[in-house]
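The data block below is upload_1.cif; it holds mmCIF, N, CA, C and O atoms.
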data_run
loop_
_atom_site.group_PDB
_atom_site.id
_atom_site.type_symbol
_atom_site.label_atom_id
_atom_site.label_comp_id
_atom_site.auth_asym_id
_atom_site.auth_seq_id
_atom_site.Cartn_x
_atom_site.Cartn_y
_atom_site.Cartn_z
ATOM 1 N N MET U 1 -7.476 9.382 -15.708
ATOM 2 C CA MET U 1 -7.294 8.589 -14.535
ATOM 3 C C MET U 1 -8.342 8.989 -13.505
ATOM 4 O O MET U 1 -8.570 10.167 -13.284
ATOM 5 N N VAL U 2 -8.974 8.000 -12.896
ATOM 6 C CA VAL U 2 -9.978 8.253 -11.873
ATOM 7 C C VAL U 2 -9.472 7.656 -10.570
ATOM 8 O O VAL U 2 -9.106 6.494 -10.508
ATOM 9 N N VAL U 3 -9.401 8.472 -9.519
ATOM 10 C CA VAL U 3 -8.977 8.013 -8.209
ATOM 11 C C VAL U 3 -10.153 8.147 -7.268
ATOM 12 O O VAL U 3 -10.733 9.220 -7.152
ATOM 13 N N ARG U 4 -10.537 7.038 -6.638
ATOM 14 C CA ARG U 4 -11.620 7.069 -5.662
ATOM 15 C C ARG U 4 -11.018 7.127 -4.278
ATOM 16 O O ARG U 4 -10.142 6.341 -3.955
ATOM 17 N N ILE U 5 -11.502 8.039 -3.453
ATOM 18 C CA ILE U 5 -11.018 8.165 -2.082
ATOM 19 C C ILE U 5 -12.184 7.905 -1.147
ATOM 20 O O ILE U 5 -13.257 8.472 -1.315
ATOM 21 N N VAL U 6 -11.937 7.041 -0.163
ATOM 22 C CA VAL U 6 -12.955 6.713 0.821
ATOM 23 C C VAL U 6 -12.427 7.132 2.186
ATOM 24 O O VAL U 6 -11.352 6.709 2.593
ATOM 25 N N ILE U 7 -13.171 7.981 2.881
ATOM 26 C CA ILE U 7 -12.760 8.448 4.200
ATOM 27 C C ILE U 7 -13.800 7.973 5.202
ATOM 28 O O ILE U 7 -14.986 8.211 5.042
ATOM 29 N N THR U 8 -13.325 7.301 6.243
ATOM 30 C CA THR U 8 -14.237 6.828 7.271
ATOM 31 C C THR U 8 -14.344 7.871 8.373
ATOM 32 O O THR U 8 -13.480 8.730 8.523
ATOM 33 N N ALA U 9 -15.391 7.782 9.181
ATOM 34 C CA ALA U 9 -15.660 8.783 10.212
ATOM 35 C C ALA U 9 -14.759 8.643 11.426
ATOM 36 O O ALA U 9 -14.676 9.548 12.222
ATOM 37 N N ARG U 10 -14.056 7.535 11.582
ATOM 38 C CA ARG U 10 -13.298 7.295 12.796
ATOM 39 C C ARG U 10 -11.811 7.600 12.690
ATOM 40 O O ARG U 10 -11.010 6.928 13.290
ATOM 41 N N ALA U 11 -11.402 8.517 11.918
ATOM 42 C CA ALA U 11 -9.997 8.938 11.799
ATOM 43 C C ALA U 11 -9.081 7.791 11.414
ATOM 44 O O ALA U 11 -7.944 7.736 11.817
ATOM 45 N N LYS U 12 -9.610 6.837 10.671
ATOM 46 C CA LYS U 12 -8.763 5.773 10.143
ATOM 47 C C LYS U 12 -8.045 6.316 8.917
ATOM 48 O O LYS U 12 -8.466 7.307 8.334
ATOM 49 N N PRO U 13 -6.965 5.661 8.502
ATOM 50 C CA PRO U 13 -6.271 6.136 7.305
ATOM 51 C C PRO U 13 -7.189 6.156 6.090
ATOM 52 O O PRO U 13 -8.095 5.344 5.962
ATOM 53 N N THR U 14 -6.947 7.092 5.201
ATOM 54 C CA THR U 14 -7.699 7.203 3.965
ATOM 55 C C THR U 14 -7.288 6.063 3.035
ATOM 56 O O THR U 14 -6.125 5.730 2.927
ATOM 57 N N THR U 15 -8.260 5.469 2.361
ATOM 58 C CA THR U 15 -7.952 4.452 1.375
ATOM 59 C C THR U 15 -8.350 4.980 0.010
ATOM 60 O O THR U 15 -9.269 5.771 -0.118
ATOM 61 N N ALA U 16 -7.637 4.577 -0.984
ATOM 62 C CA ALA U 16 -7.923 5.031 -2.341
ATOM 63 C C ALA U 16 -7.712 3.872 -3.296
ATOM 64 O O ALA U 16 -6.887 3.005 -3.063
ATOM 65 N N GLU U 17 -8.463 3.873 -4.367
ATOM 66 C CA GLU U 17 -8.327 2.874 -5.416
ATOM 67 C C GLU U 17 -8.078 3.585 -6.722
ATOM 68 O O GLU U 17 -8.702 4.591 -7.021
ATOM 69 N N VAL U 18 -7.158 3.065 -7.486
ATOM 70 C CA VAL U 18 -6.881 3.592 -8.812
ATOM 71 C C VAL U 18 -7.470 2.601 -9.801
ATOM 72 O O VAL U 18 -7.221 1.392 -9.704
ATOM 73 N N ASP U 19 -8.283 3.099 -10.747
ATOM 74 C CA ASP U 19 -8.919 2.220 -11.727
ATOM 75 C C ASP U 19 -7.890 1.413 -12.496
ATOM 76 O O ASP U 19 -6.810 1.916 -12.836
ATOM 77 N N ASP U 20 -8.236 0.160 -12.775
ATOM 78 C CA ASP U 20 -7.428 -0.752 -13.590
ATOM 79 C C ASP U 20 -6.091 -1.124 -12.971
ATOM 80 O O ASP U 20 -5.197 -1.578 -13.668
ATOM 81 N N VAL U 21 -5.926 -0.924 -11.674
ATOM 82 C CA VAL U 21 -4.710 -1.353 -10.982
ATOM 83 C C VAL U 21 -5.121 -2.262 -9.827
ATOM 84 O O VAL U 21 -5.875 -1.865 -8.951
ATOM 85 N N SER U 22 -4.627 -3.498 -9.851
ATOM 86 C CA SER U 22 -4.876 -4.434 -8.754
ATOM 87 C C SER U 22 -3.713 -4.350 -7.783
ATOM 88 O O SER U 22 -2.554 -4.277 -8.205
ATOM 89 N N ARG U 23 -4.021 -4.342 -6.490
ATOM 90 C CA ARG U 23 -2.981 -4.257 -5.469
ATOM 91 C C ARG U 23 -3.093 -5.441 -4.530
ATOM 92 O O ARG U 23 -4.183 -5.795 -4.089
ATOM 93 N N TYR U 24 -1.961 -6.024 -4.210
ATOM 94 C CA TYR U 24 -1.879 -7.130 -3.262
ATOM 95 C C TYR U 24 -0.825 -6.746 -2.232
ATOM 96 O O TYR U 24 0.342 -6.578 -2.579
ATOM 97 N N THR U 25 -1.237 -6.557 -0.984
ATOM 98 C CA THR U 25 -0.313 -6.093 0.041
ATOM 99 C C THR U 25 -0.093 -7.165 1.106
ATOM 100 O O THR U 25 -1.005 -7.944 1.408
ATOM 101 N N TYR U 26 1.098 -7.159 1.658
ATOM 102 C CA TYR U 26 1.487 -8.111 2.693
ATOM 103 C C TYR U 26 2.327 -7.385 3.725
ATOM 104 O O TYR U 26 3.109 -6.505 3.390
ATOM 105 N N ALA U 27 2.181 -7.778 4.975
ATOM 106 C CA ALA U 27 3.001 -7.228 6.057
ATOM 107 C C ALA U 27 3.443 -8.388 6.937
ATOM 108 O O ALA U 27 2.656 -9.287 7.246
ATOM 109 N N ALA U 28 4.707 -8.366 7.324
ATOM 110 C CA ALA U 28 5.221 -9.400 8.217
ATOM 111 C C ALA U 28 4.508 -9.291 9.557
ATOM 112 O O ALA U 28 4.376 -8.203 10.119
ATOM 113 N N ALA U 29 4.017 -10.407 10.044
ATOM 114 C CA ALA U 29 3.299 -10.425 11.316
ATOM 115 C C ALA U 29 4.282 -10.624 12.468
ATOM 116 O O ALA U 29 5.374 -11.151 12.282
ATOM 117 N N LYS U 30 3.882 -10.191 13.646
ATOM 118 C CA LYS U 30 4.725 -10.395 14.825
ATOM 119 C C LYS U 30 4.792 -11.876 15.147
ATOM 120 O O LYS U 30 3.802 -12.566 14.968
ATOM 121 N N PRO U 31 5.857 -12.391 15.596
ATOM 122 C CA PRO U 31 7.159 -11.755 15.776
ATOM 123 C C PRO U 31 7.901 -11.701 14.441
ATOM 124 O O PRO U 31 8.029 -12.703 13.749
ATOM 125 N N TYR U 32 8.378 -10.531 14.064
ATOM 126 C CA TYR U 32 9.028 -10.378 12.772
ATOM 127 C C TYR U 32 10.516 -10.103 12.875
ATOM 128 O O TYR U 32 11.151 -9.774 11.895
ATOM 129 N N GLY U 33 11.095 -10.222 14.038
ATOM 130 C CA GLY U 33 12.538 -10.039 14.192
ATOM 131 C C GLY U 33 12.915 -8.586 14.366
ATOM 132 O O GLY U 33 12.141 -7.772 14.863
ATOM 133 N N ALA U 34 14.111 -8.219 13.890
ATOM 134 C CA ALA U 34 14.641 -6.866 14.107
ATOM 135 C C ALA U 34 13.888 -5.807 13.312
ATOM 136 O O ALA U 34 13.752 -4.676 13.751
ATOM 137 N N GLU U 35 13.416 -6.155 12.125
ATOM 138 C CA GLU U 35 12.688 -5.167 11.322
ATOM 139 C C GLU U 35 11.467 -5.807 10.661
ATOM 140 O O GLU U 35 11.450 -6.995 10.383
ATOM 141 N N GLN U 36 10.450 -4.988 10.457
ATOM 142 C CA GLN U 36 9.225 -5.432 9.801
ATOM 143 C C GLN U 36 9.299 -5.036 8.335
ATOM 144 O O GLN U 36 9.777 -3.951 7.995
ATOM 145 N N VAL U 37 8.810 -5.918 7.483
ATOM 146 C CA VAL U 37 8.797 -5.648 6.044
ATOM 147 C C VAL U 37 7.353 -5.620 5.569
ATOM 148 O O VAL U 37 6.559 -6.490 5.907
ATOM 149 N N ARG U 38 7.007 -4.585 4.806
ATOM 150 C CA ARG U 38 5.705 -4.478 4.143
ATOM 151 C C ARG U 38 5.974 -4.469 2.651
ATOM 152 O O ARG U 38 6.915 -3.825 2.189
ATOM 153 N N GLN U 39 5.134 -5.166 1.891
ATOM 154 C CA GLN U 39 5.318 -5.194 0.445
ATOM 155 C C GLN U 39 3.973 -5.164 -0.258
ATOM 156 O O GLN U 39 2.973 -5.623 0.276
ATOM 157 N N ALA U 40 3.970 -4.583 -1.427
ATOM 158 C CA ALA U 40 2.753 -4.500 -2.242
ATOM 159 C C ALA U 40 3.128 -4.831 -3.678
ATOM 160 O O ALA U 40 4.159 -4.385 -4.185
ATOM 161 N N TYR U 41 2.294 -5.635 -4.300
ATOM 162 C CA TYR U 41 2.441 -5.960 -5.715
ATOM 163 C C TYR U 41 1.346 -5.223 -6.469
ATOM 164 O O TYR U 41 0.171 -5.308 -6.105
ATOM 165 N N LEU U 42 1.724 -4.481 -7.486
ATOM 166 C CA LEU U 42 0.778 -3.707 -8.285
ATOM 167 C C LEU U 42 0.726 -4.320 -9.674
ATOM 168 O O LEU U 42 1.765 -4.613 -10.263
ATOM 169 N N VAL U 43 -0.490 -4.522 -10.192
ATOM 170 C CA VAL U 43 -0.660 -5.120 -11.511
ATOM 171 C C VAL U 43 -1.608 -4.249 -12.323
ATOM 172 O O VAL U 43 -2.723 -3.958 -11.889
ATOM 173 N N ALA U 44 -1.143 -3.822 -13.497
ATOM 174 C CA ALA U 44 -1.962 -3.030 -14.418
ATOM 175 C C ALA U 44 -1.679 -3.543 -15.824
ATOM 176 O O ALA U 44 -0.617 -3.259 -16.383
ATOM 177 N N GLY U 45 -2.612 -4.309 -16.353
ATOM 178 C CA GLY U 45 -2.397 -4.904 -17.672
ATOM 179 C C GLY U 45 -1.209 -5.845 -17.614
ATOM 180 O O GLY U 45 -1.171 -6.762 -16.819
ATOM 181 N N GLY U 46 -0.200 -5.607 -18.444
ATOM 182 C CA GLY U 46 0.998 -6.429 -18.453
ATOM 183 C C GLY U 46 2.133 -5.843 -17.645
ATOM 184 O O GLY U 46 3.258 -6.314 -17.722
ATOM 185 N N THR U 47 1.855 -4.818 -16.852
ATOM 186 C CA THR U 47 2.889 -4.151 -16.068
ATOM 187 C C THR U 47 2.760 -4.543 -14.603
ATOM 188 O O THR U 47 1.671 -4.508 -14.036
ATOM 189 N N PHE U 48 3.877 -4.915 -13.997
ATOM 190 C CA PHE U 48 3.903 -5.277 -12.592
ATOM 191 C C PHE U 48 4.790 -4.296 -11.841
ATOM 192 O O PHE U 48 5.822 -3.862 -12.354
ATOM 193 N N GLY U 49 4.389 -3.947 -10.634
ATOM 194 C CA GLY U 49 5.193 -3.072 -9.789
ATOM 195 C C GLY U 49 5.342 -3.694 -8.415
ATOM 196 O O GLY U 49 4.497 -4.471 -7.974
ATOM 197 N N LEU U 50 6.427 -3.384 -7.758
ATOM 198 C CA LEU U 50 6.691 -3.899 -6.413
ATOM 199 C C LEU U 50 7.110 -2.736 -5.524
ATOM 200 O O LEU U 50 8.017 -1.972 -5.865
ATOM 201 N N VAL U 51 6.427 -2.592 -4.392
ATOM 202 C CA VAL U 51 6.777 -1.583 -3.396
ATOM 203 C C VAL U 51 7.158 -2.331 -2.130
ATOM 204 O O VAL U 51 6.405 -3.164 -1.646
ATOM 205 N N VAL U 52 8.356 -2.049 -1.603
ATOM 206 C CA VAL U 52 8.824 -2.702 -0.377
ATOM 207 C C VAL U 52 9.298 -1.631 0.583
ATOM 208 O O VAL U 52 10.059 -0.748 0.200
ATOM 209 N N GLN U 53 8.821 -1.722 1.817
ATOM 210 C CA GLN U 53 9.305 -0.829 2.874
ATOM 211 C C GLN U 53 9.626 -1.681 4.087
ATOM 212 O O GLN U 53 8.880 -2.597 4.429
ATOM 213 N N SER U 54 10.734 -1.373 4.723
ATOM 214 C CA SER U 54 11.090 -2.062 5.962
ATOM 215 C C SER U 54 11.624 -1.037 6.949
ATOM 216 O O SER U 54 12.159 0.000 6.563
ATOM 217 N N ARG U 55 11.458 -1.360 8.211
ATOM 218 C CA ARG U 55 11.930 -0.445 9.247
ATOM 219 C C ARG U 55 12.192 -1.232 10.512
ATOM 220 O O ARG U 55 11.402 -2.110 10.889
ATOM 221 N N GLU U 56 13.279 -0.893 11.157
ATOM 222 C CA GLU U 56 13.620 -1.525 12.419
ATOM 223 C C GLU U 56 12.559 -1.173 13.457
ATOM 224 O O GLU U 56 12.182 -0.003 13.595
ATOM 225 N N GLY U 57 12.035 -2.167 14.125
ATOM 226 C CA GLY U 57 11.022 -1.937 15.155
ATOM 227 C C GLY U 57 9.597 -1.913 14.628
ATOM 228 O O GLY U 57 8.655 -1.916 15.387
ATOM 229 N N GLY U 58 9.393 -1.876 13.320
ATOM 230 C CA GLY U 58 8.043 -1.884 12.736
ATOM 231 C C GLY U 58 7.874 -0.812 11.686
ATOM 232 O O GLY U 58 8.294 0.325 11.880
ATOM 233 N N ALA U 59 7.281 -1.181 10.571
ATOM 234 C CA ALA U 59 7.032 -0.246 9.472
ATOM 235 C C ALA U 59 5.619 0.309 9.615
ATOM 236 O O ALA U 59 4.657 -0.451 9.562
ATOM 237 N N PRO U 60 5.454 1.619 9.811
ATOM 238 C CA PRO U 60 4.123 2.201 9.982
ATOM 239 C C PRO U 60 3.231 1.979 8.751
ATOM 240 O O PRO U 60 3.704 2.037 7.615
ATOM 241 N N ALA U 61 1.959 1.731 8.988
ATOM 242 C CA ALA U 61 1.032 1.410 7.910
ATOM 243 C C ALA U 61 0.696 2.618 7.031
ATOM 244 O O ALA U 61 0.613 2.495 5.808
ATOM 245 N N VAL U 62 0.501 3.791 7.618
ATOM 246 C CA VAL U 62 0.031 4.946 6.850
ATOM 247 C C VAL U 62 1.042 5.406 5.790
ATOM 248 O O VAL U 62 0.665 5.588 4.632
ATOM 249 N N PRO U 63 2.329 5.579 6.111
ATOM 250 C CA PRO U 63 3.271 5.957 5.046
ATOM 251 C C PRO U 63 3.358 4.911 3.939
ATOM 252 O O PRO U 63 3.495 5.249 2.764
ATOM 253 N N PHE U 64 3.235 3.648 4.315
ATOM 254 C CA PHE U 64 3.252 2.585 3.319
ATOM 255 C C PHE U 64 2.040 2.680 2.400
ATOM 256 O O PHE U 64 2.161 2.592 1.176
ATOM 257 N N GLN U 65 0.859 2.883 2.979
ATOM 258 C CA GLN U 65 -0.361 3.005 2.175
ATOM 259 C C GLN U 65 -0.267 4.175 1.211
ATOM 260 O O GLN U 65 -0.657 4.070 0.045
ATOM 261 N N ARG U 66 0.256 5.290 1.676
ATOM 262 C CA ARG U 66 0.396 6.465 0.804
ATOM 263 C C ARG U 66 1.367 6.194 -0.335
ATOM 264 O O ARG U 66 1.124 6.609 -1.475
ATOM 265 N N THR U 67 2.458 5.506 -0.044
ATOM 266 C CA THR U 67 3.432 5.166 -1.082
ATOM 267 C C THR U 67 2.805 4.268 -2.129
ATOM 268 O O THR U 67 2.993 4.463 -3.332
ATOM 269 N N VAL U 68 2.021 3.281 -1.691
ATOM 270 C CA VAL U 68 1.362 2.363 -2.634
ATOM 271 C C VAL U 68 0.386 3.132 -3.518
ATOM 272 O O VAL U 68 0.349 2.923 -4.736
ATOM 273 N N ILE U 69 -0.377 4.028 -2.946
ATOM 274 C CA ILE U 69 -1.329 4.832 -3.726
ATOM 275 C C ILE U 69 -0.591 5.675 -4.758
ATOM 276 O O ILE U 69 -0.943 5.721 -5.950
ATOM 277 N N LEU U 70 0.458 6.361 -4.318
ATOM 278 C CA LEU U 70 1.209 7.226 -5.243
ATOM 279 C C LEU U 70 1.877 6.425 -6.355
ATOM 280 O O LEU U 70 1.931 6.881 -7.503
ATOM 281 N N GLN U 71 2.365 5.240 -6.045
ATOM 282 C CA GLN U 71 3.007 4.420 -7.075
ATOM 283 C C GLN U 71 1.976 3.765 -7.998
ATOM 284 O O GLN U 71 2.307 3.382 -9.112
ATOM 285 N N SER U 72 0.739 3.635 -7.546
ATOM 286 C CA SER U 72 -0.334 3.063 -8.378
ATOM 287 C C SER U 72 -0.834 4.054 -9.430
ATOM 288 O O SER U 72 -1.260 3.659 -10.514
ATOM 289 N N GLN U 73 -0.789 5.336 -9.111
ATOM 290 C CA GLN U 73 -1.370 6.347 -9.998
ATOM 291 C C GLN U 73 -0.763 6.358 -11.399
ATOM 292 O O GLN U 73 -1.508 6.443 -12.377
ATOM 293 N N PRO U 74 0.560 6.270 -11.585
ATOM 294 C CA PRO U 74 1.088 6.263 -12.958
ATOM 295 C C PRO U 74 0.689 5.032 -13.760
ATOM 296 O O PRO U 74 0.684 5.042 -14.986
ATOM 297 N N LEU U 75 0.317 3.951 -13.059
ATOM 298 C CA LEU U 75 -0.070 2.710 -13.749
ATOM 299 C C LEU U 75 -1.517 2.731 -14.199
ATOM 300 O O LEU U 75 -1.912 1.965 -15.070
ATOM 301 N N GLY U 76 -2.346 3.576 -13.555
ATOM 302 C CA GLY U 76 -3.787 3.584 -13.809
ATOM 303 C C GLY U 76 -4.214 4.278 -15.058
ATOM 304 O O GLY U 76 -3.642 4.933 -15.805
#
Could you quickly redo this structure as structure tokens?
Amino acid sequence: MVVRIVITARAKPTTAEVDDVSRYTYAAAKPYGAEQVRQAYLVAGGTFGLVVQSREGGAPAVPFQRTVILQSQPLG
């Protein structure tokens, strides 16, 4: 398994790509009501994965990104 990590100079969240895994992410835009939902679809060959996180007041992007990366690694 090869994991590529890209770090930008401006303290933005780290992004990573796992080979042979396609990721499609979506986040509910404002106004999203009482809670925000973030979801990611992971595709590796014939295997599909779904990651969903929701939180009242807004789901932070960084924990969601880390969860998607960690869940992508076993598929790669």
If we count only N, CA, C and O atoms, what is near Ser72 in chain U at a cut-off of 7 Å, once residues fewer than 5 positions away on the same chain are taken out, given as a compact mmCIF listing (two decimals) with N, CA, C and O atoms, in the coordinates of the input?
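As written to disk, around_18.txt reads:
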# COMPACT_ATOMS: atom_id res chain seq x y z
N VAL U 18 -7.16 3.06 -7.49
CA VAL U 18 -6.88 3.59 -8.81
C VAL U 18 -7.47 2.60 -9.80
O VAL U 18 -7.22 1.39 -9.70
N ASP U 19 -8.28 3.10 -10.75
CA ASP U 19 -8.92 2.22 -11.73
C ASP U 19 -7.89 1.41 -12.50
O ASP U 19 -6.81 1.92 -12.84
N VAL U 21 -5.93 -0.92 -11.67
CA VAL U 21 -4.71 -1.35 -10.98
C VAL U 21 -5.12 -2.26 -9.83
O VAL U 21 -5.88 -1.86 -8.95
N LEU U 42 1.72 -4.48 -7.49
CA LEU U 42 0.78 -3.71 -8.28
C LEU U 42 0.73 -4.32 -9.67
O LEU U 42 1.76 -4.61 -10.26
N ARG U 66 0.26 5.29 1.68
CA ARG U 66 0.40 6.46 0.80
C ARG U 66 1.37 6.19 -0.34
O ARG U 66 1.12 6.61 -1.48
N THR U 67 2.46 5.51 -0.04
CA THR U 67 3.43 5.17 -1.08
C THR U 67 2.80 4.27 -2.13
O THR U 67 2.99 4.46 -3.33
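Using the PyMOL selection byres ((chain U and resi 57) around 6) on this structure selects Gly33, Ala34, Glu35, Gln36, Arg55, Glu56, Gly58 and Ala59 of chain U.
One finds CA of Ala40 in chain U at 15.3 Å from CA of Pro74 in chain U.
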How many Å lie between atom N of Ala29 in chain U and CA of Ser54 in chain U, rounded to one decimal?
-> 11.7 Å
Point-to-point distance in Å for CA of Ala28 in chain U and atom O of Gly76 in chain U =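 Computing the Euclidean distance for atom O of Gly76 in chain U and CA of Ala28 in chain U yields 29.3 Å.
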Within 6 Å of Ala27 in chain U, counting all atoms listed in the file, which residues qualify if same-chain residues fewer than 5 places away don't, as a PDB file with N, CA, C and O atoms, in the coordinates of the input?
ATOM      1  N   VAL U  37       8.810  -5.918   7.483  1.00  0.00           N
ATOM      2  CA  VAL U  37       8.797  -5.648   6.044  1.00  0.00           C
ATOM      3  C   VAL U  37       7.353  -5.620   5.569  1.00  0.00           C
ATOM      4  O   VAL U  37       6.559  -6.490   5.907  1.00  0.00           O
ATOM      5  N   ARG U  38       7.007  -4.585   4.806  1.00  0.00           N
ATOM      6  CA  ARG U  38       5.705  -4.478   4.143  1.00  0.00           C
ATOM      7  C   ARG U  38       5.974  -4.469   2.651  1.00  0.00           C
ATOM      8  O   ARG U  38       6.915  -3.825   2.189  1.00  0.00           O
ATOM      9  N   GLN U  39       5.134  -5.166   1.891  1.00  0.00           N
ATOM     10  CA  GLN U  39       5.318  -5.194   0.445  1.00  0.00           C
ATOM     11  C   GLN U  39       3.973  -5.164  -0.258  1.00  0.00           C
ATOM     12  O   GLN U  39       2.973  -5.623   0.276  1.00  0.00           O
TER      13      GLN U  39
END
Apply the PyMOL selection byres (((chain U and resi 41 and name CA) around 9) and name CA) to the file shown and report the selected residues as a ChimeraX atom specification.
-> /U:22-26,39-40,42-43,48-52,68
For the selection you just gave me, I'd like the residues written to a file as a PDB file, in the coordinates of the input, keeping N, CA, C and O atoms.
ATOM      1  N   SER U  22      -4.627  -3.498  -9.851  1.00  0.00           N
ATOM      2  CA  SER U  22      -4.876  -4.434  -8.754  1.00  0.00           C
ATOM      3  C   SER U  22      -3.713  -4.350  -7.783  1.00  0.00           C
ATOM      4  O   SER U  22      -2.554  -4.277  -8.205  1.00  0.00           O
ATOM      5  N   ARG U  23      -4.021  -4.342  -6.490  1.00  0.00           N
ATOM      6  CA  ARG U  23      -2.981  -4.257  -5.469  1.00  0.00           C
ATOM      7  C   ARG U  23      -3.093  -5.441  -4.530  1.00  0.00           C
ATOM      8  O   ARG U  23      -4.183  -5.795  -4.089  1.00  0.00           O
ATOM      9  N   TYR U  24      -1.961  -6.024  -4.210  1.00  0.00           N
ATOM     10  CA  TYR U  24      -1.879  -7.130  -3.262  1.00  0.00           C
ATOM     11  C   TYR U  24      -0.825  -6.746  -2.232  1.00  0.00           C
ATOM     12  O   TYR U  24       0.342  -6.578  -2.579  1.00  0.00           O
ATOM     13  N   THR U  25      -1.237  -6.557  -0.984  1.00  0.00           N
ATOM     14  CA  THR U  25      -0.313  -6.093   0.041  1.00  0.00           C
ATOM     15  C   THR U  25      -0.093  -7.165   1.106  1.00  0.00           C
ATOM     16  O   THR U  25      -1.005  -7.944   1.408  1.00  0.00           O
ATOM     17  N   TYR U  26       1.098  -7.159   1.658  1.00  0.00           N
ATOM     18  CA  TYR U  26       1.487  -8.111   2.693  1.00  0.00           C
ATOM     19  C   TYR U  26       2.327  -7.385   3.725  1.00  0.00           C
ATOM     20  O   TYR U  26       3.109  -6.505   3.390  1.00  0.00           O
ATOM     21  N   GLN U  39       5.134  -5.166   1.891  1.00  0.00           N
ATOM     22  CA  GLN U  39       5.318  -5.194   0.445  1.00  0.00           C
ATOM     23  C   GLN U  39       3.973  -5.164  -0.258  1.00  0.00           C
ATOM     24  O   GLN U  39       2.973  -5.623   0.276  1.00  0.00           O
ATOM     25  N   ALA U  40       3.970  -4.583  -1.427  1.00  0.00           N
ATOM     26  CA  ALA U  40       2.753  -4.500  -2.242  1.00  0.00           C
ATOM     27  C   ALA U  40       3.128  -4.831  -3.678  1.00  0.00           C
ATOM     28  O   ALA U  40       4.159  -4.385  -4.185  1.00  0.00           O
ATOM     29  N   LEU U  42       1.724  -4.481  -7.486  1.00  0.00           N
ATOM     30  CA  LEU U  42       0.778  -3.707  -8.285  1.00  0.00           C
ATOM     31  C   LEU U  42       0.726  -4.320  -9.674  1.00  0.00           C
ATOM     32  O   LEU U  42       1.765  -4.613 -10.263  1.00  0.00           O
ATOM     33  N   VAL U  43      -0.490  -4.522 -10.192  1.00  0.00           N
ATOM     34  CA  VAL U  43      -0.660  -5.120 -11.511  1.00  0.00           C
ATOM     35  C   VAL U  43      -1.608  -4.249 -12.323  1.00  0.00           C
ATOM     36  O   VAL U  43      -2.723  -3.958 -11.889  1.00  0.00           O
ATOM     37  N   PHE U  48       3.877  -4.915 -13.997  1.00  0.00           N
ATOM     38  CA  PHE U  48       3.903  -5.277 -12.592  1.00  0.00           C
ATOM     39  C   PHE U  48       4.790  -4.296 -11.841  1.00  0.00           C
ATOM     40  O   PHE U  48       5.822  -3.862 -12.354  1.00  0.00           O
ATOM     41  N   GLY U  49       4.389  -3.947 -10.634  1.00  0.00           N
ATOM     42  CA  GLY U  49       5.193  -3.072  -9.789  1.00  0.00           C
ATOM     43  C   GLY U  49       5.342  -3.694  -8.415  1.00  0.00           C
ATOM     44  O   GLY U  49       4.497  -4.471  -7.974  1.00  0.00           O
ATOM     45  N   LEU U  50       6.427  -3.384  -7.758  1.00  0.00           N
ATOM     46  CA  LEU U  50       6.691  -3.899  -6.413  1.00  0.00           C
ATOM     47  C   LEU U  50       7.110  -2.736  -5.524  1.00  0.00           C
ATOM     48  O   LEU U  50       8.017  -1.972  -5.865  1.00  0.00           O
ATOM     49  N   VAL U  51       6.427  -2.592  -4.392  1.00  0.00           N
ATOM     50  CA  VAL U  51       6.777  -1.583  -3.396  1.00  0.00           C
ATOM     51  C   VAL U  51       7.158  -2.331  -2.130  1.00  0.00           C
ATOM     52  O   VAL U  51       6.405  -3.164  -1.646  1.00  0.00           O
ATOM     53  N   VAL U  52       8.356  -2.049  -1.603  1.00  0.00           N
ATOM     54  CA  VAL U  52       8.824  -2.702  -0.377  1.00  0.00           C
ATOM     55  C   VAL U  52       9.298  -1.631   0.583  1.00  0.00           C
ATOM     56  O   VAL U  52      10.059  -0.748   0.200  1.00  0.00           O
ATOM     57  N   VAL U  68       2.021   3.281  -1.691  1.00  0.00           N
ATOM     58  CA  VAL U  68       1.362   2.363  -2.634  1.00  0.00           C
ATOM     59  C   VAL U  68       0.386   3.132  -3.518  1.00  0.00           C
ATOM     60  O   VAL U  68       0.349   2.923  -4.736  1.00  0.00           O
TER      61      VAL U  68
END
Report the centre and edge lengths, in Å to one decimal, of an axis-aligned box enclosing every atom of range 23-30 of chain U listed in the file, padded by 6 Å on each side, as lines of an AutoDock Vina configuration file.
center_x = 0.6
center_y = -8.4
center_z = 4.3
size_x = 21.6
size_y = 20.3
size_z = 33.6
